[in-house]
Amino acid sequence: MHELSIAASIVESVAEAAGKYPGARVKVVRLRLGALAAVVEDSLQFCWELSTAGTPLAGAALAIRTLRVIVHCDGCGMETELDGVQSFRCLKCGELTADLRQGRELEIESIELEEPDKIEEGVEGQI
Ligand SMILES: [Zn+2]
């Protein structure tokens, strides 16, 4: 299950980035995921929960944005969005193309943090 190692590496990157904002809590992690990245979204969500449990990222949501496959056609110069990954043909002229412009992404788009101020307020109430 390679989603587990992917989730673990996302957790690592996010924890490192969030470390620059002491006291801030990670609310949402937005991920860009290409249709060809060979990642099963449900599986990644499941692994995300496993990987964040017991860490400062526990409870943070993983928002996945799936990117469709876009290829560039040498024949007519068009960039076309493919409906699936069964056929790599230009939708305009039918030429076979392997010039992939989008679809293999697996990257963190943004991280949404909760401001430390709000957390301090919450702590105050418990005392
Ligand atoms: Zn074409």
# chains A, B, ... in the order shown; residues from 1 in each chain; ligands from 1

call {"tool": "residues_around", "arguments": {"residues": "Trp48 of chain A", "least_positions_apart": "5", "cutoff": "10 Å", "atoms": "only C-alpha atoms", "output": "MDAnalysis selection string"}}
result
chainID A and resid 3:8 10:11 42:43 53 57:62

call {"tool": "closest_atom_pairs", "arguments": {"of": "chain A", "to": "ligand 1", "cutoff": "12 Å", "atoms": "only C-alpha atoms and all ligand atoms", "output": "tab-separated table"}}
result
residue	atom	partner	partner_atom_place_in_ligand_line	distance
A:Val71	CA	ligand 1	1 (Zn)	9.5
A:His72	CA	ligand 1	1 (Zn)	7.7
A:Cys73	CA	ligand 1	1 (Zn)	4.6
A:Asp74	CA	ligand 1	1 (Zn)	6.6
A:Gly75	CA	ligand 1	1 (Zn)	4.9
A:Cys76	CA	ligand 1	1 (Zn)	4.1
A:Gly77	CA	ligand 1	1 (Zn)	6.1
A:Met78	CA	ligand 1	1 (Zn)	5.6
A:Glu79	CA	ligand 1	1 (Zn)	7.8
A:Thr80	CA	ligand 1	1 (Zn)	8.1
A:Glu81	CA	ligand 1	1 (Zn)	11.5
A:Phe88	CA	ligand 1	1 (Zn)	10.7
A:Arg89	CA	ligand 1	1 (Zn)	7.7
A:Cys90	CA	ligand 1	1 (Zn)	4.6
A:Leu91	CA	ligand 1	1 (Zn)	6.6
A:Lys92	CA	ligand 1	1 (Zn)	5.0
A:Cys93	CA	ligand 1	1 (Zn)	4.2
A:Gly94	CA	ligand 1	1 (Zn)	6.0
A:Glu95	CA	ligand 1	1 (Zn)	5.4
A:Leu96	CA	ligand 1	1 (Zn)	8.1
A:Thr97	CA	ligand 1	1 (Zn)	8.2
A:Ala98	CA	ligand 1	1 (Zn)	11.6
A:Asp99	CA	ligand 1	1 (Zn)	11.2

call {"tool": "write_last_selection", "arguments": {"atoms": "C-alpha atoms", "output": "PDB file, in the first residue's frame"}}
result
ATOM      1  CA  VAL A  71      -1.695  16.247 -23.354  1.00  0.00           C
ATOM      2  CA  HIS A  72      -0.075  18.437 -25.963  1.00  0.00           C
ATOM      3  CA  CYS A  73      -0.455  17.351 -29.568  1.00  0.00           C
ATOM      4  CA  ASP A  74       2.494  17.764 -31.908  1.00  0.00           C
ATOM      5  CA  GLY A  75       0.213  17.272 -34.877  1.00  0.00           C
ATOM      6  CA  CYS A  76      -2.021  20.292 -34.402  1.00  0.00           C
ATOM      7  CA  GLY A  77      -0.428  22.089 -31.470  1.00  0.00           C
ATOM      8  CA  MET A  78      -3.533  21.799 -29.305  1.00  0.00           C
ATOM      9  CA  GLU A  79      -3.583  20.952 -25.631  1.00  0.00           C
ATOM     10  CA  THR A  80      -6.489  18.664 -24.894  1.00  0.00           C
ATOM     11  CA  GLU A  81      -7.971  17.295 -21.715  1.00  0.00           C
ATOM     12  CA  PHE A  88      -3.630   9.104 -25.450  1.00  0.00           C
ATOM     13  CA  ARG A  89      -5.065  10.627 -28.572  1.00  0.00           C
ATOM     14  CA  CYS A  90      -5.613  14.287 -29.346  1.00  0.00           C
ATOM     15  CA  LEU A  91      -9.341  15.009 -29.183  1.00  0.00           C
ATOM     16  CA  LYS A  92      -8.968  17.546 -31.953  1.00  0.00           C
ATOM     17  CA  CYS A  93      -7.174  15.615 -34.696  1.00  0.00           C
ATOM     18  CA  GLY A  94      -6.888  12.059 -33.346  1.00  0.00           C
ATOM     19  CA  GLU A  95      -3.085  12.010 -33.400  1.00  0.00           C
ATOM     20  CA  LEU A  96      -1.426   9.761 -30.813  1.00  0.00           C
ATOM     21  CA  THR A  97       0.492  11.773 -28.277  1.00  0.00           C
ATOM     22  CA  ALA A  98       2.517  11.066 -25.181  1.00  0.00           C
ATOM     23  CA  ASP A  99       3.414  14.670 -24.454  1.00  0.00           C
TER      24      ASP A  99
END

call {"tool": "select_by_dssp", "arguments": {"residues": "segment 12-119 of chain A", "states": "alpha helix (DSSP H)", "output": "PDB file with C-alpha atoms, in the first residue's frame"}}
result
ATOM      1  CA  GLU A  12       6.486  15.122   7.287  1.00  0.00           C
ATOM      2  CA  SER A  13       6.471  18.045   4.816  1.00  0.00           C
ATOM      3  CA  VAL A  14       3.445  19.688   6.410  1.00  0.00           C
ATOM      4  CA  ALA A  15       4.841  19.320   9.926  1.00  0.00           C
ATOM      5  CA  GLU A  16       8.063  20.939   8.777  1.00  0.00           C
ATOM      6  CA  ALA A  17       6.238  23.838   7.082  1.00  0.00           C
ATOM      7  CA  ALA A  18       3.877  24.361  10.015  1.00  0.00           C
ATOM      8  CA  GLU A  41      -7.928   8.720  -3.202  1.00  0.00           C
ATOM      9  CA  ASP A  42      -9.969   6.755  -0.640  1.00  0.00           C
ATOM     10  CA  SER A  43      -6.914   4.804   0.344  1.00  0.00           C
ATOM     11  CA  LEU A  44      -4.874   7.979   0.731  1.00  0.00           C
ATOM     12  CA  GLN A  45      -7.585   9.507   2.957  1.00  0.00           C
ATOM     13  CA  PHE A  46      -7.549   6.390   5.116  1.00  0.00           C
ATOM     14  CA  CYS A  47      -3.752   6.435   5.369  1.00  0.00           C
ATOM     15  CA  TRP A  48      -3.844  10.156   6.120  1.00  0.00           C
ATOM     16  CA  GLU A  49      -5.915   9.475   9.226  1.00  0.00           C
ATOM     17  CA  LEU A  50      -3.550   6.708  10.285  1.00  0.00           C
ATOM     18  CA  SER A  51      -0.456   8.835   9.684  1.00  0.00           C
ATOM     19  CA  THR A  52      -1.711  11.930  11.477  1.00  0.00           C
ATOM     20  CA  PRO A 116      -2.369  30.618  17.533  1.00  0.00           C
ATOM     21  CA  ASP A 117      -4.523  33.391  19.084  1.00  0.00           C
ATOM     22  CA  LYS A 118      -7.654  31.299  18.816  1.00  0.00           C
ATOM     23  CA  ILE A 119      -5.972  28.323  20.444  1.00  0.00           C
TER      24      ILE A 119
END

call {"tool": "closest_atom_pairs", "arguments": {"of": "segment 46-115 of chain A", "to": "segment 22-38 of chain A", "cutoff": "10 Å", "atoms": "only C-alpha atoms", "output": "CSV"}}
result
residue,atom,partner,partner_atom,distance
A:Pro56,CA,A:Arg25,CA,7.5
A:Leu57,CA,A:Val26,CA,6.1
A:Ala58,CA,A:Val26,CA,8.5
A:Gly59,CA,A:Lys27,CA,7.4
A:Ala60,CA,A:Lys27,CA,4.7
A:Ala61,CA,A:Val28,CA,4.6
A:Leu62,CA,A:Val29,CA,5.0
A:Ala63,CA,A:Arg30,CA,4.7
A:Ile64,CA,A:Leu31,CA,4.8
A:Arg65,CA,A:Arg32,CA,5.0
A:Thr66,CA,A:Leu33,CA,4.8
A:Leu67,CA,A:Gly34,CA,4.5
A:Arg68,CA,A:Ala35,CA,5.4
A:Val69,CA,A:Ala35,CA,6.2
A:Ile70,CA,A:Gly34,CA,9.8
A:Gly84,CA,A:Ala35,CA,8.4
A:Val85,CA,A:Leu36,CA,7.5
A:Gln102,CA,A:Gly34,CA,7.0
A:Gly103,CA,A:Gly34,CA,3.9
A:Arg104,CA,A:Gly34,CA,4.6
A:Glu105,CA,A:Gly34,CA,4.5
A:Leu106,CA,A:Leu33,CA,4.8
A:Glu107,CA,A:Arg32,CA,5.3
A:Ile108,CA,A:Leu31,CA,4.5
A:Glu109,CA,A:Leu31,CA,5.2
A:Ser110,CA,A:Arg30,CA,5.2
A:Ile111,CA,A:Val29,CA,4.6
A:Glu112,CA,A:Val28,CA,4.9
A:Leu113,CA,A:Val26,CA,4.5
A:Glu114,CA,A:Arg25,CA,5.0
A:Glu115,CA,A:Ala24,CA,5.3

call {"tool": "closest_residue", "arguments": {"among": "A:Leu82, A:Leu100, A:His2, A:Ser87", "to": "Val39 of chain A", "atoms": "only C-alpha atoms"}}
result
A:His2

call {"tool": "select_by_dssp", "arguments": {"residues": "segment 50-100 of chain A", "states": "strand (DSSP E or B)", "output": "list in words"}}
result
Ala61, Leu62, Ala63, Ile64, Arg65, Thr66, Leu67, Ile70, Val71, His72, Glu79, Thr80, Glu81, Arg89, Leu96, Asp99 and Leu100 of chain A
